[in-house]
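Below is one structure, written out as structure tokens, with a few remarks after it.
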Amino acid sequence: MAAVVITLSGCGPASPGAGETVSPTVSPGASDSTTSPGTGSQPATDSPASASASGSATLPAGWKTFTTSDGELSFDHPSEWSIKDPAGATPQGGGVFVEVKNPAGKSMATLRTNMVTGAECTTKQPYGMLDSEPLPALKQSGSTPRFTFESRQDSTATDPAKMTVLAYGITSAPEPTGPTACPIFHFFTWPPSGAMFGGVYNPFDTTPGNAPNVDTPEAYMGTPEYKNIRAMITSLRPAS
């Protein structure tokens with residue numbers, strides 16, 4: 001199967017097909033990736049409190065636990081956020097495709113499994129590492145993925161909205177060092193191949209549901225929305 005190049009831009013999470021080979025690159029000047037039309041929203045059901053990736057044994061007040069339809073993964077989320085499962089057509093070969101949205105319909109993150117991933121470092125760019133936390137509950141074959149919120153800068157872009165790409169998610173890629181880094185690679189090792197759970201922050205997005213006057217990643221990290229997204233993604237764990 002031919003490789004699929006994933007472009008992360010500032011308006012939405014990429015959604016490659018399950019079972020496809022993925023060679024993610026970040027290109028701020030390229031078109032946004034969009035998800036396939038959904039087949040219906042599924043409200044999350046209450047579940048007993050369970051240990052999260054950070055080791056907490058109790059759900060925060062007003063939160064629920066969601067378990068994927070294949071029974072493999074679980075994560076916690078605010079009860080007012082909706083779960084669309086599946087978030088689009090599931091390609092042959094299976095896999096999970098879930099999208100989490102806030103009450104205003106803004107996408108918080110997407111979760112996909114059964115993805116064959118491969119990194120391709122095309123061009124290194126100046127980067128920012130805004131947040132990072134290891135997730136031992138998702139450790140596979142001696143490798144511990146981590147949650148990260150990071151950026152890439154494109155000095156060739158003339159549109160301010162395309163000069164900086166900001167994305168959060170789980171990655172198995174090593175943390176970058178030095179002045180420049182490869183494109184953002186928010187995919188992690190998960191049987192039988194790989195998975196993704198994350199999204200994109202666009203400081204220029206003024207659609208309903210966005211926190212007002214938040215135009216820098218540092219300010220965004222202080223908002224309840226980011227804190228809830230972070231807590232949700234870092235709670236991802238094996239359902240068993």
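Residues in the structure tokens are named by chain (A, B, ... in the order shown) and by number from 1 within that chain; ligands are numbered from 1 in the order shown.
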Exercise for review: Using only C-alpha atoms, determine which residues lie at most 9 Å from Thr113 (chain A), disregarding the query and same-chain residues fewer than 6 positions distant; provide the list as a PyMOL selection string.
Suggested key: chain A and resi 18-19+94-97+190-197
Sel. of helix (DSSP H, G or I) residues, region 198-233 of chain A, as a PDB file with N, CA and C atoms, in the first residue's frame:
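Listed below is the output, states37.pdb:
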```pdb
ATOM      1  N   PRO A 217       0.224  29.682  22.843  1.00  0.00           N
ATOM      2  CA  PRO A 217       0.149  28.351  23.459  1.00  0.00           C
ATOM      3  C   PRO A 217       0.347  28.389  24.965  1.00  0.00           C
ATOM      4  N   GLU A 218       1.176  29.306  25.438  1.00  0.00           N
ATOM      5  CA  GLU A 218       1.401  29.418  26.879  1.00  0.00           C
ATOM      6  C   GLU A 218       0.111  29.805  27.600  1.00  0.00           C
ATOM      7  N   ALA A 219      -0.636  30.758  27.019  1.00  0.00           N
ATOM      8  CA  ALA A 219      -1.913  31.151  27.615  1.00  0.00           C
ATOM      9  C   ALA A 219      -2.928  30.026  27.515  1.00  0.00           C
ATOM     10  N   TYR A 220      -2.908  29.317  26.400  1.00  0.00           N
ATOM     11  CA  TYR A 220      -3.847  28.210  26.213  1.00  0.00           C
ATOM     12  C   TYR A 220      -3.623  27.112  27.242  1.00  0.00           C
ATOM     13  N   PRO A 224      -9.011  25.931  31.208  1.00  0.00           N
ATOM     14  CA  PRO A 224      -9.640  24.659  31.588  1.00  0.00           C
ATOM     15  C   PRO A 224      -9.702  23.681  30.410  1.00  0.00           C
ATOM     16  N   GLU A 225      -9.889  24.208  29.186  1.00  0.00           N
ATOM     17  CA  GLU A 225      -9.976  23.315  28.027  1.00  0.00           C
ATOM     18  C   GLU A 225      -8.698  22.504  27.857  1.00  0.00           C
ATOM     19  N   TYR A 226      -7.550  23.172  27.868  1.00  0.00           N
ATOM     20  CA  TYR A 226      -6.294  22.436  27.688  1.00  0.00           C
ATOM     21  C   TYR A 226      -6.063  21.463  28.836  1.00  0.00           C
ATOM     22  N   LYS A 227      -6.336  21.910  30.055  1.00  0.00           N
ATOM     23  CA  LYS A 227      -6.119  21.041  31.209  1.00  0.00           C
ATOM     24  C   LYS A 227      -6.993  19.791  31.126  1.00  0.00           C
ATOM     25  N   ASN A 228      -8.227  19.955  30.628  1.00  0.00           N
ATOM     26  CA  ASN A 228      -9.108  18.799  30.474  1.00  0.00           C
ATOM     27  C   ASN A 228      -8.647  17.887  29.341  1.00  0.00           C
ATOM     28  N   ILE A 229      -8.205  18.492  28.232  1.00  0.00           N
ATOM     29  CA  ILE A 229      -7.674  17.692  27.121  1.00  0.00           C
ATOM     30  C   ILE A 229      -6.466  16.899  27.591  1.00  0.00           C
ATOM     31  N   ARG A 230      -5.590  17.548  28.295  1.00  0.00           N
ATOM     32  CA  ARG A 230      -4.373  16.879  28.776  1.00  0.00           C
ATOM     33  C   ARG A 230      -4.723  15.715  29.710  1.00  0.00           C
ATOM     34  N   ALA A 231      -5.643  15.972  30.647  1.00  0.00           N
ATOM     35  CA  ALA A 231      -6.041  14.926  31.585  1.00  0.00           C
ATOM     36  C   ALA A 231      -6.703  13.763  30.861  1.00  0.00           C
ATOM     37  N   MET A 232      -7.497  14.071  29.843  1.00  0.00           N
ATOM     38  CA  MET A 232      -8.163  13.019  29.079  1.00  0.00           C
ATOM     39  C   MET A 232      -7.157  12.159  28.321  1.00  0.00           C
ATOM     40  N   ILE A 233      -6.262  12.794  27.571  1.00  0.00           N
ATOM     41  CA  ILE A 233      -5.310  12.043  26.752  1.00  0.00           C
ATOM     42  C   ILE A 233      -4.351  11.237  27.628  1.00  0.00           C
TER      43      ILE A 233
END
```
Practice item. If you run DSSP over the backbone, which residues in region 53-150 of chain A end up strand (DSSP E)? Put them as a ChimeraX atom specification. Key: /A:63-67,73-78,82-84,97-101,107-117,125-134,146-150
Determine, counting only C-alpha atoms, which protein, DNA and RNA residues have an atom within 7 Å of an atom of His186 (chain A); residues of the same chain fewer than 6 positions away are not included. Present the result as a short mmCIF file (atom, residue, chain, number, x, y, z; two decimals) with N, CA and C atoms, in the first residue's frame.
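File out.cif, as written:
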```
data_model
loop_
_atom_site.label_atom_id
_atom_site.label_comp_id
_atom_site.auth_asym_id
_atom_site.auth_seq_id
_atom_site.Cartn_x
_atom_site.Cartn_y
_atom_site.Cartn_z
N GLY A 169 -0.63 15.46 21.64
CA GLY A 169 -0.98 14.06 21.43
C GLY A 169 0.05 13.14 22.04
N ILE A 170 -0.13 11.85 21.78
CA ILE A 170 0.78 10.82 22.30
C ILE A 170 1.75 10.42 21.20
N THR A 171 3.02 10.30 21.54
CA THR A 171 4.03 9.95 20.55
C THR A 171 5.02 8.95 21.12
N MET A 196 -3.02 6.67 17.29
CA MET A 196 -2.88 8.09 17.55
C MET A 196 -4.00 8.54 18.46
#
```
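Among A:Gly71, A:Gly198, A:Pro86, A:Pro183, the residue with the shortest atom-to-atom distance to Ala239 (chain A), counting only C-alpha atoms, is A:Gly71.
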Check your understanding: Which value, in Å to one decimal, gives the distance between CA of Met163 (chain A) and CA of Phe187 (chain A)?
Key -> 22.9 Å
Excluding same-chain residues fewer than 4 positions from Gly128 (chain A), what lies within 9 Å of it counting only C-alpha atoms, as a PDB file with N, CA, C and O atoms, in the first residue's frame?
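And here's selection_38.pdb as it stands now:
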```pdb
ATOM      1  N   PHE A 149       2.871  18.475  23.958  1.00  0.00           N
ATOM      2  CA  PHE A 149       2.294  19.641  23.294  1.00  0.00           C
ATOM      3  C   PHE A 149       3.475  20.405  22.735  1.00  0.00           C
ATOM      4  O   PHE A 149       4.334  20.865  23.499  1.00  0.00           O
ATOM      5  N   GLU A 150       3.562  20.501  21.413  1.00  0.00           N
ATOM      6  CA  GLU A 150       4.767  21.057  20.803  1.00  0.00           C
ATOM      7  C   GLU A 150       4.441  21.876  19.565  1.00  0.00           C
ATOM      8  O   GLU A 150       3.307  21.882  19.079  1.00  0.00           O
ATOM      9  N   SER A 151       5.456  22.565  19.062  1.00  0.00           N
ATOM     10  CA  SER A 151       5.261  23.447  17.912  1.00  0.00           C
ATOM     11  C   SER A 151       6.379  23.267  16.898  1.00  0.00           C
ATOM     12  O   SER A 151       7.463  22.768  17.213  1.00  0.00           O
ATOM     13  N   ARG A 152       6.117  23.711  15.673  1.00  0.00           N
ATOM     14  CA  ARG A 152       7.117  23.815  14.629  1.00  0.00           C
ATOM     15  C   ARG A 152       6.948  25.175  13.956  1.00  0.00           C
ATOM     16  O   ARG A 152       5.827  25.644  13.770  1.00  0.00           O
ATOM     17  N   GLN A 153       8.061  25.794  13.591  1.00  0.00           N
ATOM     18  CA  GLN A 153       8.046  27.114  12.971  1.00  0.00           C
ATOM     19  C   GLN A 153       8.424  27.009  11.494  1.00  0.00           C
ATOM     20  O   GLN A 153       9.353  26.284  11.140  1.00  0.00           O
ATOM     21  N   LEU A 166       0.900  23.960  15.951  1.00  0.00           N
ATOM     22  CA  LEU A 166       0.834  23.561  17.356  1.00  0.00           C
ATOM     23  C   LEU A 166      -0.063  22.333  17.476  1.00  0.00           C
ATOM     24  O   LEU A 166      -1.202  22.355  17.022  1.00  0.00           O
TER      25      LEU A 166
END
```
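With CA of Phe75 (chain A) on one side and CA of Lys101 (chain A) on the other, the separation reads 14.1 Å.
If you measure from each of A:Ser107, A:Thr65, A:Ser132, A:Thr123 to Tyr201 (chain A) using only C-alpha atoms, the closest one turns out to be A:Ser107.
Minimum distance to Gly199 (chain A) across A:Thr148, A:Ser240, A:Ser82, A:Gln140 (counting only C-alpha atoms) occurs at A:Thr148.
Relative to CA of Tyr127 (chain A), CA of Val165 (chain A) is found at 9.3 Å.
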Exercise for review: Check the smallest atom-to-atom distance from each of A:Ala104, A:Ala61, A:Glu120, A:Glu175 to Glu133 (chain A) using only C-alpha atoms, then report the winner.
Suggested key: A:Glu175
